[in-house]
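Structure file my_file.txt (compact mmCIF, C-alpha atoms and all ligand atoms) follows.
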# COMPACT_ATOMS: atom_id res chain seq x y z
CA MET A 1 13.72 -25.42 -10.88
CA ASN A 2 15.40 -22.30 -9.54
CA LEU A 3 12.79 -20.66 -7.38
CA PRO A 4 12.56 -16.89 -7.06
CA LYS A 5 14.04 -15.42 -3.89
CA THR A 6 12.91 -11.82 -3.59
CA PRO A 7 9.35 -10.42 -3.46
CA GLN A 8 9.79 -8.78 -6.87
CA GLN A 9 11.13 -11.98 -8.42
CA TRP A 10 8.16 -13.94 -7.09
CA ALA A 11 5.74 -11.32 -8.41
CA ILE A 12 7.36 -11.33 -11.86
CA HIS A 13 7.45 -15.14 -11.95
CA LEU A 14 3.73 -15.41 -11.19
CA THR A 15 2.89 -12.49 -13.48
CA LYS A 16 4.49 -14.32 -16.43
CA LEU A 17 2.60 -17.52 -15.61
CA LEU A 18 -0.68 -15.62 -15.35
CA ASN A 19 -0.08 -13.63 -18.53
CA ALA A 20 0.46 -16.87 -20.45
CA PHE A 21 -2.46 -18.69 -18.80
CA THR A 22 -5.05 -15.94 -19.24
CA ALA A 23 -3.97 -15.29 -22.84
CA ALA A 24 -4.14 -18.99 -23.72
CA HIS A 25 -7.63 -19.37 -22.24
CA GLY A 26 -9.02 -15.99 -23.26
CA LEU A 27 -9.57 -15.02 -19.62
CA GLN A 28 -9.77 -11.58 -18.10
CA ARG A 29 -6.35 -10.69 -16.69
CA PHE A 30 -7.43 -8.31 -13.91
CA PRO A 31 -8.28 -8.20 -11.12
CA ILE A 32 -6.34 -11.16 -9.81
CA ASN A 33 -8.24 -13.78 -7.84
CA ILE A 34 -5.72 -14.52 -5.12
CA VAL A 35 -7.65 -17.43 -3.62
CA ASP A 36 -7.78 -19.40 -6.89
CA ILE A 37 -4.19 -18.65 -7.79
CA ALA A 38 -2.67 -19.34 -4.38
CA HIS A 39 -4.60 -22.60 -4.20
CA GLU A 40 -3.70 -23.81 -7.71
CA PHE A 41 -0.11 -22.59 -7.68
CA SER A 42 0.76 -24.01 -4.26
CA LYS A 43 -0.85 -27.36 -5.19
CA HIS A 44 1.28 -27.69 -8.33
CA ALA A 45 4.52 -26.00 -7.32
CA PHE A 46 4.63 -27.27 -3.73
CA PRO A 47 2.56 -30.47 -3.59
CA ASP A 48 4.08 -31.23 -0.18
CA ALA A 49 2.87 -27.88 1.21
CA PRO A 50 -0.39 -26.81 -0.48
CA ILE A 51 -2.59 -23.96 0.71
CA THR A 52 -5.89 -25.71 1.32
CA ALA A 53 -7.89 -23.26 3.43
CA PHE A 54 -8.95 -19.63 2.94
CA GLU A 55 -11.19 -18.54 5.77
CA GLY A 56 -12.56 -15.43 7.34
CA ILE A 57 -12.30 -15.06 11.11
CA LYS A 58 -14.63 -12.83 13.13
CA THR A 59 -12.26 -11.10 15.48
CA SER A 60 -10.89 -7.81 16.77
CA ASN A 61 -10.20 -4.95 14.40
CA ASN A 62 -6.46 -5.14 14.87
CA PHE A 63 -6.20 -8.57 13.24
CA GLU A 64 -5.75 -8.25 9.49
CA GLY A 65 -4.65 -11.66 8.29
CA ALA A 66 -2.59 -14.75 9.00
CA LEU A 67 -0.78 -17.67 7.47
CA PHE A 68 -1.11 -20.78 9.62
CA ARG A 69 -0.10 -24.40 9.32
CA HIS A 70 -3.02 -26.84 9.54
CA PRO A 71 -3.24 -28.04 13.16
CA GLU A 72 -3.53 -31.73 12.17
CA ARG A 73 -2.50 -32.09 8.55
CA LYS A 74 0.89 -30.53 9.18
CA ASN A 75 1.89 -30.32 5.52
CA GLU A 76 -1.07 -28.07 4.66
CA TRP A 77 -1.34 -24.32 5.04
CA GLY A 78 -4.23 -21.91 5.47
CA ILE A 79 -4.67 -18.20 4.82
CA PHE A 80 -7.02 -16.31 7.13
CA TYR A 81 -8.44 -12.81 7.07
CA ASN A 82 -10.53 -10.62 9.29
CA GLU A 83 -14.14 -11.14 8.25
CA ASN A 84 -15.07 -7.74 9.66
CA ILE A 85 -13.08 -6.01 6.94
CA GLN A 86 -15.74 -4.58 4.64
CA SER A 87 -13.47 -3.28 1.88
CA SER A 88 -12.99 -5.97 -0.77
CA GLY A 89 -9.85 -4.20 -1.98
CA ARG A 90 -8.27 -4.28 1.45
CA LYS A 91 -9.20 -7.94 1.85
CA ASN A 92 -7.67 -8.78 -1.52
CA PHE A 93 -4.43 -7.02 -0.60
CA THR A 94 -4.33 -8.88 2.71
CA LEU A 95 -4.76 -12.23 0.96
CA ALA A 96 -1.91 -11.36 -1.42
CA HIS A 97 0.22 -10.24 1.55
CA GLU A 98 -0.34 -13.61 3.27
CA PHE A 99 0.38 -15.46 0.02
CA GLY A 100 3.63 -13.47 -0.03
CA HIS A 101 4.45 -14.73 3.45
CA TYR A 102 3.76 -18.27 2.25
CA LEU A 103 6.12 -17.94 -0.72
CA LEU A 104 8.86 -16.07 1.11
CA HIS A 105 8.72 -16.87 4.81
CA ARG A 106 7.09 -20.20 5.58
CA ALA A 107 10.48 -21.93 5.97
CA ALA A 108 11.64 -19.35 8.52
CA PHE A 109 8.27 -19.35 10.35
CA PRO A 110 7.18 -22.99 10.31
CA ASP A 111 4.12 -22.31 12.46
CA GLY A 112 3.05 -19.37 10.35
CA LEU A 113 2.55 -15.66 10.94
CA GLN A 114 -0.15 -13.35 12.16
CA CYS A 115 -0.43 -9.81 10.81
CA SER A 116 -2.09 -6.71 12.25
CA SER A 117 -3.63 -3.91 10.25
CA ARG A 118 -0.45 -1.94 10.91
CA SER A 119 1.58 -4.76 9.34
CA MET A 120 0.11 -3.72 6.02
CA LEU A 121 1.90 -0.39 6.43
CA ASP A 122 4.92 -1.56 8.42
CA TRP A 123 8.41 -1.36 7.04
CA ASP A 124 10.63 -1.01 10.09
CA GLU A 125 9.25 -2.92 13.07
CA GLU A 126 11.26 -5.80 14.41
CA ARG A 127 9.38 -7.94 11.94
CA GLY A 128 9.17 -4.97 9.60
CA GLU A 129 11.45 -6.42 7.03
CA ILE A 130 9.25 -9.41 6.36
CA GLU A 131 6.09 -7.28 6.51
CA GLY A 132 7.66 -4.95 3.97
CA GLN A 133 8.55 -7.91 1.79
CA ALA A 134 5.00 -9.29 1.92
CA ASN A 135 3.65 -5.85 1.03
CA THR A 136 6.08 -5.48 -1.84
CA PHE A 137 5.07 -8.87 -3.21
CA ALA A 138 1.37 -8.01 -2.92
CA SER A 139 1.84 -4.66 -4.61
CA PHE A 140 3.93 -5.99 -7.51
CA PHE A 141 1.78 -9.07 -8.04
CA LEU A 142 -1.63 -7.37 -7.87
CA MET A 143 -0.44 -4.32 -9.84
CA PRO A 144 2.29 -5.39 -12.31
CA LEU A 145 4.42 -2.45 -13.35
CA ASP A 146 3.93 -2.74 -17.12
CA ASP A 147 0.18 -2.75 -16.86
CA PHE A 148 0.17 -0.08 -14.16
CA ARG A 149 2.30 2.27 -16.26
CA ALA A 150 0.03 1.71 -19.27
CA GLN A 151 -3.00 2.63 -17.15
CA ILE A 152 -1.58 5.93 -15.93
CA LYS A 153 0.18 7.01 -19.12
CA GLY A 154 -1.21 10.28 -20.43
CA HIS A 155 -3.63 10.69 -17.51
CA LYS A 156 -3.46 13.64 -15.18
CA PRO A 157 -3.27 12.63 -11.54
CA SER A 158 -6.74 12.71 -10.07
CA MET A 159 -8.87 10.90 -7.54
CA ASP A 160 -10.81 9.43 -10.48
CA LEU A 161 -7.58 7.89 -11.77
CA MET A 162 -6.75 6.47 -8.30
CA CYS A 163 -10.25 5.00 -8.03
CA HIS A 164 -9.93 3.49 -11.51
CA LEU A 165 -6.65 1.83 -10.47
CA ALA A 166 -8.17 0.57 -7.23
CA ASP A 167 -11.08 -0.92 -9.21
CA ARG A 168 -8.95 -2.47 -11.93
CA TYR A 169 -6.67 -4.28 -9.50
CA ALA A 170 -9.24 -4.81 -6.70
CA VAL A 171 -7.06 -3.11 -4.13
CA SER A 172 -7.77 -0.31 -1.68
CA LEU A 173 -7.52 3.31 -2.73
CA SER A 174 -4.48 3.64 -0.49
CA ALA A 175 -2.65 0.67 -2.05
CA ALA A 176 -3.32 2.00 -5.56
CA THR A 177 -2.21 5.51 -4.60
CA LEU A 178 0.97 4.27 -2.90
CA LYS A 179 1.84 2.38 -6.07
CA TRP A 180 1.14 5.48 -8.13
CA LEU A 181 3.41 7.54 -5.85
CA ASP A 182 6.13 4.98 -6.42
CA VAL A 183 6.07 5.16 -10.21
CA CYS A 184 4.57 8.56 -11.06
CA GLY A 185 7.81 10.56 -11.14
CA LYS A 186 5.90 13.47 -9.58
CA ARG A 187 6.32 15.44 -6.39
CA ALA A 188 3.26 14.21 -4.53
CA MET A 189 2.07 12.93 -1.17
CA ILE A 190 -0.86 10.97 0.21
CA VAL A 191 -2.19 11.96 3.64
CA PHE A 192 -4.68 9.94 5.66
CA GLY A 193 -6.60 11.99 8.18
CA ARG A 194 -8.55 10.72 11.12
CA ASP A 195 -10.61 12.88 13.45
CA GLY A 196 -8.73 15.99 12.36
CA TYR A 197 -5.27 14.50 12.80
CA ILE A 198 -2.75 13.04 10.38
CA ASP A 199 -2.98 9.31 10.78
CA TRP A 200 -0.41 8.36 8.16
CA ALA A 201 1.34 10.02 5.24
CA TRP A 202 3.64 9.02 2.43
CA SER A 203 5.68 11.16 0.02
CA SER A 204 6.92 10.15 -3.41
CA LYS A 205 10.71 9.91 -3.62
CA GLU A 206 10.75 13.03 -5.80
CA LEU A 207 9.05 14.98 -3.00
CA LEU A 208 11.27 13.39 -0.34
CA LEU A 209 14.27 14.83 -2.13
CA SER A 210 12.88 18.29 -1.37
CA GLY A 211 12.71 17.26 2.29
CA ILE A 212 8.92 17.39 2.32
CA PHE A 213 7.20 14.64 4.25
CA TYR A 214 5.59 13.87 7.56
CA ARG A 215 7.18 11.68 10.12
CA SER A 216 4.98 8.73 9.55
CA ARG A 217 4.66 7.98 13.23
CA SER A 218 3.86 11.56 14.03
CA GLY A 219 0.11 10.90 14.09
CA PRO A 220 -2.14 11.24 15.85
CA THR A 221 -0.31 14.18 17.39
CA THR A 222 -0.06 16.23 14.20
CA GLU A 223 -3.21 18.11 13.25
CA LEU A 224 -4.36 18.38 9.66
CA PRO A 225 -3.64 21.91 8.44
CA LYS A 226 -6.63 24.02 9.49
CA LEU A 227 -7.26 25.38 5.98
CA SER A 228 -6.83 22.04 4.20
CA LEU A 229 -9.86 20.47 2.51
CA ALA A 230 -9.34 17.45 4.74
CA ALA A 231 -9.74 19.54 7.90
CA ARG A 232 -12.49 21.81 6.59
CA GLN A 233 -14.72 18.99 5.33
CA ASP A 234 -16.86 21.52 3.47
CA PRO A 235 -19.63 19.71 1.56
CA LEU A 236 -20.07 22.74 -0.73
CA VAL A 237 -16.55 22.33 -2.15
CA ASP A 238 -15.76 19.81 -4.89
CA ASN A 239 -13.25 18.07 -2.61
CA ARG A 240 -12.59 15.27 -5.07
CA SER A 241 -11.40 17.64 -7.83
CA GLY A 242 -9.75 19.72 -5.17
CA ILE A 243 -8.29 23.20 -5.08
CA LEU A 244 -4.93 24.86 -5.48
CA HIS A 245 -3.78 26.12 -2.09
CA PRO A 246 -1.50 29.12 -1.73
CA LYS A 247 1.93 28.63 -0.17
CA GLY A 248 2.06 27.72 3.48
CA ILE A 249 -1.09 25.64 3.90
CA TRP A 250 0.66 22.32 3.47
CA PRO A 251 4.36 21.66 4.22
CA GLY A 252 6.90 23.39 2.00
CA GLN A 253 6.67 26.95 0.76
CA GLU A 254 4.86 26.03 -2.42
CA GLU A 255 1.40 26.06 -3.92
CA VAL A 256 -0.21 22.66 -3.42
CA HIS A 257 -3.13 21.09 -5.27
CA GLU A 258 -5.10 19.08 -2.73
CA MET A 259 -7.72 16.52 -3.76
CA THR A 260 -9.61 14.87 -0.93
CA ILE A 261 -12.08 12.07 -0.44
CA LEU A 262 -14.10 12.33 2.75
CA GLY A 263 -15.09 9.16 4.55
CA LYS A 264 -18.79 8.39 4.85
CA ARG A 265 -19.01 9.37 8.49
CA GLY A 266 -16.58 12.24 8.14
CA GLU A 267 -13.89 11.02 10.50
CA MET A 268 -11.61 9.58 7.79
CA THR A 269 -10.08 11.55 4.93
CA VAL A 270 -7.70 10.67 2.11
CA SER A 271 -5.86 13.56 0.48
CA LEU A 272 -3.66 13.51 -2.59
CA LEU A 273 -1.27 16.48 -2.61
CA LEU A 274 0.38 17.53 -5.86
CA TYR A 275 3.36 19.84 -5.70
CA PRO A 276 4.85 21.76 -8.65
CA ASP A 277 7.08 19.54 -10.82
CA ASP A 278 10.13 21.69 -10.09
CA PRO A 279 11.14 22.32 -6.49
CA PRO A 280 11.69 25.98 -5.60
CA SER A 281 15.36 25.43 -4.85
CA ARG A 282 17.68 22.53 -4.52
CA PHE A 283 18.41 23.51 -0.95
CA ALA A 284 14.95 24.55 0.09
CA GLN A 285 14.51 25.42 3.75
CA ILE A 286 12.83 22.81 5.82
CA ASP A 287 10.45 23.82 8.54
CA ASP A 288 10.70 21.46 11.47
CA GLU A 289 8.89 23.55 14.06
CA ASP A 290 5.48 22.10 13.62
CA GLY A 291 3.88 19.39 11.61
CA GLY A 292 6.44 16.73 12.40
CA LEU A 293 8.64 17.49 9.43
CA MET A 294 12.27 16.66 9.43
CA ASP A 295 15.07 17.29 7.06
CA THR A 296 16.28 15.07 4.29
CA TYR A 297 19.50 14.32 6.08
CA GLU A 298 17.73 12.99 9.14
CA LYS A 299 15.47 11.04 6.86
CA PHE A 300 18.37 9.26 5.23
CA VAL A 301 20.06 8.69 8.58
CA ARG A 302 16.90 7.05 9.82
CA GLY A 303 16.94 4.98 6.70
CA GLY A 304 13.37 5.25 5.63
CA GLN A 305 10.04 6.96 5.57
CA VAL A 306 8.47 5.10 8.37
CA PRO A 307 4.81 4.50 8.97
ZN ZN B 1 2.33 -9.90 7.39

Encoded form (C-alpha cells):
Amino acid sequence: MNLPKTPQQWAIHLTKLLNAFTAAHGLQRFPINIVDIAHEFSKHAFPDAPITAFEGIKTSNNFEGALFRHPERKNEWGIFYNENIQSSGRKNFTLAHEFGHYLLHRAAFPDGLQCSSRSMLDWDEERGEIEGQANTFASFFLMPLDDFRAQIKGHKPSMDLMCHLADRYAVSLSAATLKWLDVCGKRAMIVFGRDGYIDWAWSSKELLLSGIFYRSRSGPTTELPKLSLAARQDPLVDNRSGILHPKGIWPGQEEVHEMTILGKRGEMTVSLLLYPDDPPSRFAQIDDEDGGLMDTYEKFVRGGQVP
C-alpha cells in the first residue's frame, strides 16, 4: 500500500475511510472520536506500532499534549494530553494533532514528541514545520473541506456560525474560526485579546493582500484598540452580534464590523473582524507606526504570518 505523505493526504485518506465506514454502519459522521479512530486505525494499519494508550496528565499549563513510545513495550505508542484543559474542543484538537505526529513524524522522532500550548499555533519555530504539519492534519481531518464548505454556504459570517462549526466538529472556537478564515474568501481577521492586549491575531489571505494584519508575535505589547468592543467590554452592548466601527478604530482605513465574545472572567476576548469585500485601493497605505502592522512586502519576505 502506498501510504500518504503529507498532512492533507493523510486527512483525505482517513476521511474517505470514515465516510465509507459511517455510511455503511449508519453512524453519525461528526464529531470525530479521535481516540477510537487512532486506536483502531493504528492497530490495523500499523500492527507493529499500535497506539495503545490515551491518557490525561495533570501538569503545568504550558504542556498541551505528547506522543510517547511505551517505556517497556517499545513497539507501542501513547498519546497524552493535559488533564487541566477544560475545553473539550481544545482537547480534541490536541489529540488529533498528536495523532498527526504519529502518522507523519514517529519515524523521525523515535522517542516521540512533546507539544506546548504554543505548538498548537506554531508555524515557524525550529520545530515549527512539524507543528504546522500536525495542525494542518488536525484541521483537515476534524473539519473536512467538503463538509465545512457545505456548513458555511449561504450563511452570513457570525459568532453563531463559528460556534455551530466548533460544536459540529468538537473543536475550539479558535480552530473553527481559523478554518473559516482559510476558506471563506472574505477579508476578515480573528483577534484574541488578553488583559487588554492583543495576544494573537490571524488575517485571511484576502485581508493579507491588503497588507492588514498584526505581527503575530507583537503581543502582549500591542494594546487592543481603545474603542474596540474587545477593549470596552461593555455588558450593555450586544458584543456577539457586534457593531460596525467607523474608519480608524481597527487597522486599515476602512469600516470594520467587529463581533466579540468576552471570556467568563473578562480577561480573554475573541473578536471576529469583517472588512468590506472590496479593498479601498490596490495600493492602500499601510500604517506601521503603531499596532505592530507591517507591509505586505515585509510579510512575504518573512515568509509567513507568524504566531
Ligand atoms: Zn506538536

Surrounding residues as JSON, numbers by chain, ligand ZN 1 (chain B), max 9 Å, all atoms listed in the file: {"A": [64, 65, 66, 67, 94, 97, 98, 100, 101, 113, 114, 115, 116, 117, 119, 120, 122, 127, 128, 130, 131, 132, 133, 134, 135]}

Enclosing box along x, y and z for every listed atom of range 78-87 of chain A, padded 5 Å each side, centre and size in Å, one decimal, as AutoDock Vina command-line options:
--center_x -10.0 --center_y -12.6 --center_z 5.8 --size_x 21.5 --size_y 28.6 --size_z 17.8

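Separating CA of Pro50 in chain A from CA of Ala96 in chain A is a distance of 15.6 Å.
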
Go through A:Leu274, A:Leu224, A:Ile249, A:Leu161 one by one, measure the shortest atom-to-atom distance of each to Glu206 in chain A using only C-alpha atoms, and give the residue with the smallest value. A:Leu274

Report the distance between CA of Leu173 in chain A and CA of Gln253 in chain A in Å, rounded to one decimal place. 27.8 Å

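Atom to atom, CA of Leu14 in chain A and CA of Glu40 in chain A stand 11.7 Å apart.
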
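The closest residue to Ser210 in chain A, picked from A:Val237, A:Thr6, A:Lys156, A:Asp278 and counting only C-alpha atoms, is A:Asp278.
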
Out of A:Glu267, A:Glu72, A:Asp160, A:Arg232, which residue has the shortest atom-to-atom distance to Gly193 in chain A when counting only C-alpha atoms? A:Glu267

Excluding same-chain residues fewer than 3 positions from Ala188 in chain A, what lies within 10 Å of it counting all atoms listed in the file, as a VMD selection string? chain A and resid 157 180 to 182 184 to 185 202 to 208 212 to 213 256 to 258 272 to 277

Neighbour list for Arg69 in chain A as a VMD selection string, cut-off 12 Å, all atoms listed in the file, skip fewer than 3 positions in-chain: chain A and resid 49 to 54 66 72 to 80 102 106 to 107 109 to 114

Val35 in chain A surroundings by all atoms listed in the file, 8 Å radius, close-in-sequence under 3 positions cut, as a PyMOL selection string: chain A and resi 38-39+54+95

From the list A:Ala138, A:Met259, A:Leu3, A:Met189, which residue is nearest Phe46 in chain A when using only C-alpha atoms? A:Leu3

Write out as a VMD selection string the residues lying within 9 Å of Leu142 in chain A, counting only C-alpha atoms and excluding same-chain residues fewer than 3 positions away. chain A and resid 11 15 30 to 32 34 92 to 93 96 137 to 139 169 to 171

Output file for the selection above: C-alpha atoms, as a PDB file, in the frame of the given file:
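The file below, again.pdb, is the result:
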ATOM      1  CA  ALA A  11       5.740 -11.320  -8.410  1.00  0.00           C
ATOM      2  CA  THR A  15       2.890 -12.490 -13.480  1.00  0.00           C
ATOM      3  CA  PHE A  30      -7.430  -8.310 -13.910  1.00  0.00           C
ATOM      4  CA  PRO A  31      -8.280  -8.200 -11.120  1.00  0.00           C
ATOM      5  CA  ILE A  32      -6.340 -11.160  -9.810  1.00  0.00           C
ATOM      6  CA  ILE A  34      -5.720 -14.520  -5.120  1.00  0.00           C
ATOM      7  CA  ASN A  92      -7.670  -8.780  -1.520  1.00  0.00           C
ATOM      8  CA  PHE A  93      -4.430  -7.020  -0.600  1.00  0.00           C
ATOM      9  CA  ALA A  96      -1.910 -11.360  -1.420  1.00  0.00           C
ATOM     10  CA  PHE A 137       5.070  -8.870  -3.210  1.00  0.00           C
ATOM     11  CA  ALA A 138       1.370  -8.010  -2.920  1.00  0.00           C
ATOM     12  CA  SER A 139       1.840  -4.660  -4.610  1.00  0.00           C
ATOM     13  CA  TYR A 169      -6.670  -4.280  -9.500  1.00  0.00           C
ATOM     14  CA  ALA A 170      -9.240  -4.810  -6.700  1.00  0.00           C
ATOM     15  CA  VAL A 171      -7.060  -3.110  -4.130  1.00  0.00           C
TER      16      VAL A 171
END

If we count all atoms listed in the file and set the cut-off at 10 Å, which residues sit around Glu254 in chain A, ignoring sequence neighbours fewer than 6 positions away in its own chain? Please answer as a PyMOL selection string. chain A and resi 245-248+275-276+279-280

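Compared by their closest atoms to Glu129 in chain A, and using only C-alpha atoms, the residues A:Leu145, A:His105, A:Ser60, A:Ser281 rank with A:His105 nearest.
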
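Shortest separation to Trp200 in chain A among A:Met268, A:Ile12, A:Val183, A:Ile152 occurs at residue A:Met268, atoms counted being only C-alpha atoms.
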
At a cut-off of 9 Å from (-8.9, 23.7, 2.8) in the coordinates of the file, what residues are picked up using all atoms listed in the file, written as JSON, numbers by chain? {"A": [225, 226, 227, 228, 229, 230, 231, 232, 233, 234, 239, 242, 243, 245, 249, 258]}

Hey, could you patch up range 146-156 of chain A with all heavy atoms and hand it over as a PDB file, in the frame of the given file?
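As a result, rebuild.pdb now contains:
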ATOM      1  N   ASP A 146       4.217  -3.052 -15.714  1.00  0.00           N
ATOM      2  CA  ASP A 146       3.930  -2.740 -17.120  1.00  0.00           C
ATOM      3  C   ASP A 146       2.492  -2.294 -17.299  1.00  0.00           C
ATOM      4  O   ASP A 146       2.210  -1.292 -17.947  1.00  0.00           O
ATOM      5  CB  ASP A 146       4.146  -3.989 -18.002  1.00  0.00           C
ATOM      6  CG  ASP A 146       5.625  -4.278 -18.179  1.00  0.00           C
ATOM      7  OD1 ASP A 146       6.429  -3.476 -17.679  1.00  0.00           O
ATOM      8  OD2 ASP A 146       5.951  -5.302 -18.816  1.00  0.00           O
ATOM      9  N   ASP A 147       1.593  -3.072 -16.723  1.00  0.00           N
ATOM     10  CA  ASP A 147       0.180  -2.750 -16.860  1.00  0.00           C
ATOM     11  C   ASP A 147      -0.149  -1.444 -16.132  1.00  0.00           C
ATOM     12  O   ASP A 147      -0.900  -0.608 -16.639  1.00  0.00           O
ATOM     13  CB  ASP A 147      -0.682  -3.890 -16.312  1.00  0.00           C
ATOM     14  CG  ASP A 147      -2.140  -3.701 -16.667  1.00  0.00           C
ATOM     15  OD1 ASP A 147      -2.498  -3.997 -17.816  1.00  0.00           O
ATOM     16  OD2 ASP A 147      -2.911  -3.204 -15.810  1.00  0.00           O
ATOM     17  N   PHE A 148       0.442  -1.282 -14.955  1.00  0.00           N
ATOM     18  CA  PHE A 148       0.170  -0.080 -14.160  1.00  0.00           C
ATOM     19  C   PHE A 148       0.602   1.172 -14.930  1.00  0.00           C
ATOM     20  O   PHE A 148      -0.128   2.151 -15.019  1.00  0.00           O
ATOM     21  CB  PHE A 148       0.904  -0.176 -12.824  1.00  0.00           C
ATOM     22  CG  PHE A 148       0.406   0.787 -11.785  1.00  0.00           C
ATOM     23  CD1 PHE A 148      -0.626   0.438 -10.927  1.00  0.00           C
ATOM     24  CD2 PHE A 148       0.966   2.049 -11.666  1.00  0.00           C
ATOM     25  CE1 PHE A 148      -1.090   1.325  -9.970  1.00  0.00           C
ATOM     26  CE2 PHE A 148       0.515   2.946 -10.708  1.00  0.00           C
ATOM     27  CZ  PHE A 148      -0.515   2.583  -9.859  1.00  0.00           C
ATOM     28  N   ARG A 149       1.800   1.100 -15.506  1.00  0.00           N
ATOM     29  CA  ARG A 149       2.300   2.270 -16.260  1.00  0.00           C
ATOM     30  C   ARG A 149       1.404   2.562 -17.459  1.00  0.00           C
ATOM     31  O   ARG A 149       1.151   3.712 -17.784  1.00  0.00           O
ATOM     32  CB  ARG A 149       3.735   1.998 -16.726  1.00  0.00           C
ATOM     33  CG  ARG A 149       4.726   2.018 -15.572  1.00  0.00           C
ATOM     34  CD  ARG A 149       6.130   2.402 -16.049  1.00  0.00           C
ATOM     35  NE  ARG A 149       7.027   2.576 -14.924  1.00  0.00           N
ATOM     36  CZ  ARG A 149       7.928   1.670 -14.534  1.00  0.00           C
ATOM     37  NH1 ARG A 149       8.040   0.522 -15.182  1.00  0.00           N
ATOM     38  NH2 ARG A 149       8.698   1.909 -13.498  1.00  0.00           N
ATOM     39  N   ALA A 150       0.922   1.496 -18.115  1.00  0.00           N
ATOM     40  CA  ALA A 150       0.030   1.710 -19.270  1.00  0.00           C
ATOM     41  C   ALA A 150      -1.268   2.380 -18.832  1.00  0.00           C
ATOM     42  O   ALA A 150      -1.830   3.199 -19.571  1.00  0.00           O
ATOM     43  CB  ALA A 150      -0.263   0.373 -19.944  1.00  0.00           C
ATOM     44  N   GLN A 151      -1.742   2.047 -17.639  1.00  0.00           N
ATOM     45  CA  GLN A 151      -3.000   2.630 -17.150  1.00  0.00           C
ATOM     46  C   GLN A 151      -2.869   4.111 -16.841  1.00  0.00           C
ATOM     47  O   GLN A 151      -3.826   4.864 -16.990  1.00  0.00           O
ATOM     48  CB  GLN A 151      -3.459   1.897 -15.872  1.00  0.00           C
ATOM     49  CG  GLN A 151      -3.849   0.453 -16.075  1.00  0.00           C
ATOM     50  CD  GLN A 151      -4.993   0.303 -17.045  1.00  0.00           C
ATOM     51  OE1 GLN A 151      -6.007   0.987 -16.956  1.00  0.00           O
ATOM     52  NE2 GLN A 151      -4.825  -0.583 -18.010  1.00  0.00           N
ATOM     53  N   ILE A 152      -1.687   4.522 -16.370  1.00  0.00           N
ATOM     54  CA  ILE A 152      -1.580   5.930 -15.930  1.00  0.00           C
ATOM     55  C   ILE A 152      -1.002   6.836 -17.022  1.00  0.00           C
ATOM     56  O   ILE A 152      -1.083   8.041 -16.907  1.00  0.00           O
ATOM     57  CB  ILE A 152      -0.714   6.057 -14.640  1.00  0.00           C
ATOM     58  CG1 ILE A 152       0.760   5.690 -14.888  1.00  0.00           C
ATOM     59  CG2 ILE A 152      -1.278   5.196 -13.535  1.00  0.00           C
ATOM     60  CD1 ILE A 152       1.634   5.917 -13.657  1.00  0.00           C
ATOM     61  N   LYS A 153      -0.476   6.226 -18.072  1.00  0.00           N
ATOM     62  CA  LYS A 153       0.180   7.010 -19.120  1.00  0.00           C
ATOM     63  C   LYS A 153      -0.802   8.007 -19.745  1.00  0.00           C
ATOM     64  O   LYS A 153      -1.894   7.641 -20.172  1.00  0.00           O
ATOM     65  CB  LYS A 153       0.728   6.072 -20.197  1.00  0.00           C
ATOM     66  CG  LYS A 153       1.676   6.757 -21.146  1.00  0.00           C
ATOM     67  CD  LYS A 153       2.267   5.762 -22.130  1.00  0.00           C
ATOM     68  CE  LYS A 153       3.170   6.488 -23.102  1.00  0.00           C
ATOM     69  NZ  LYS A 153       3.593   5.637 -24.191  1.00  0.00           N
ATOM     70  N   GLY A 154      -0.388   9.260 -19.788  1.00  0.00           N
ATOM     71  CA  GLY A 154      -1.210  10.280 -20.430  1.00  0.00           C
ATOM     72  C   GLY A 154      -2.371  10.772 -19.583  1.00  0.00           C
ATOM     73  O   GLY A 154      -3.154  11.608 -20.038  1.00  0.00           O
ATOM     74  N   HIS A 155      -2.529  10.240 -18.366  1.00  0.00           N
ATOM     75  CA  HIS A 155      -3.630  10.690 -17.510  1.00  0.00           C
ATOM     76  C   HIS A 155      -3.110  11.622 -16.428  1.00  0.00           C
ATOM     77  O   HIS A 155      -2.129  11.316 -15.750  1.00  0.00           O
ATOM     78  CB  HIS A 155      -4.314   9.502 -16.835  1.00  0.00           C
ATOM     79  CG  HIS A 155      -5.073   8.641 -17.795  1.00  0.00           C
ATOM     80  ND1 HIS A 155      -6.314   8.987 -18.271  1.00  0.00           N
ATOM     81  CD2 HIS A 155      -4.749   7.464 -18.385  1.00  0.00           C
ATOM     82  CE1 HIS A 155      -6.731   8.055 -19.103  1.00  0.00           C
ATOM     83  NE2 HIS A 155      -5.802   7.121 -19.209  1.00  0.00           N
ATOM     84  N   LYS A 156      -3.802  12.736 -16.276  1.00  0.00           N
ATOM     85  CA  LYS A 156      -3.460  13.640 -15.180  1.00  0.00           C
ATOM     86  C   LYS A 156      -3.770  12.960 -13.861  1.00  0.00           C
ATOM     87  O   LYS A 156      -4.773  12.241 -13.764  1.00  0.00           O
ATOM     88  CB  LYS A 156      -4.315  14.906 -15.271  1.00  0.00           C
ATOM     89  CG  LYS A 156      -3.782  15.949 -16.214  1.00  0.00           C
ATOM     90  CD  LYS A 156      -4.603  17.216 -16.003  1.00  0.00           C
ATOM     91  CE  LYS A 156      -4.157  18.299 -16.946  1.00  0.00           C
ATOM     92  NZ  LYS A 156      -5.137  19.377 -16.990  1.00  0.00           N
TER      93      LYS A 156
END
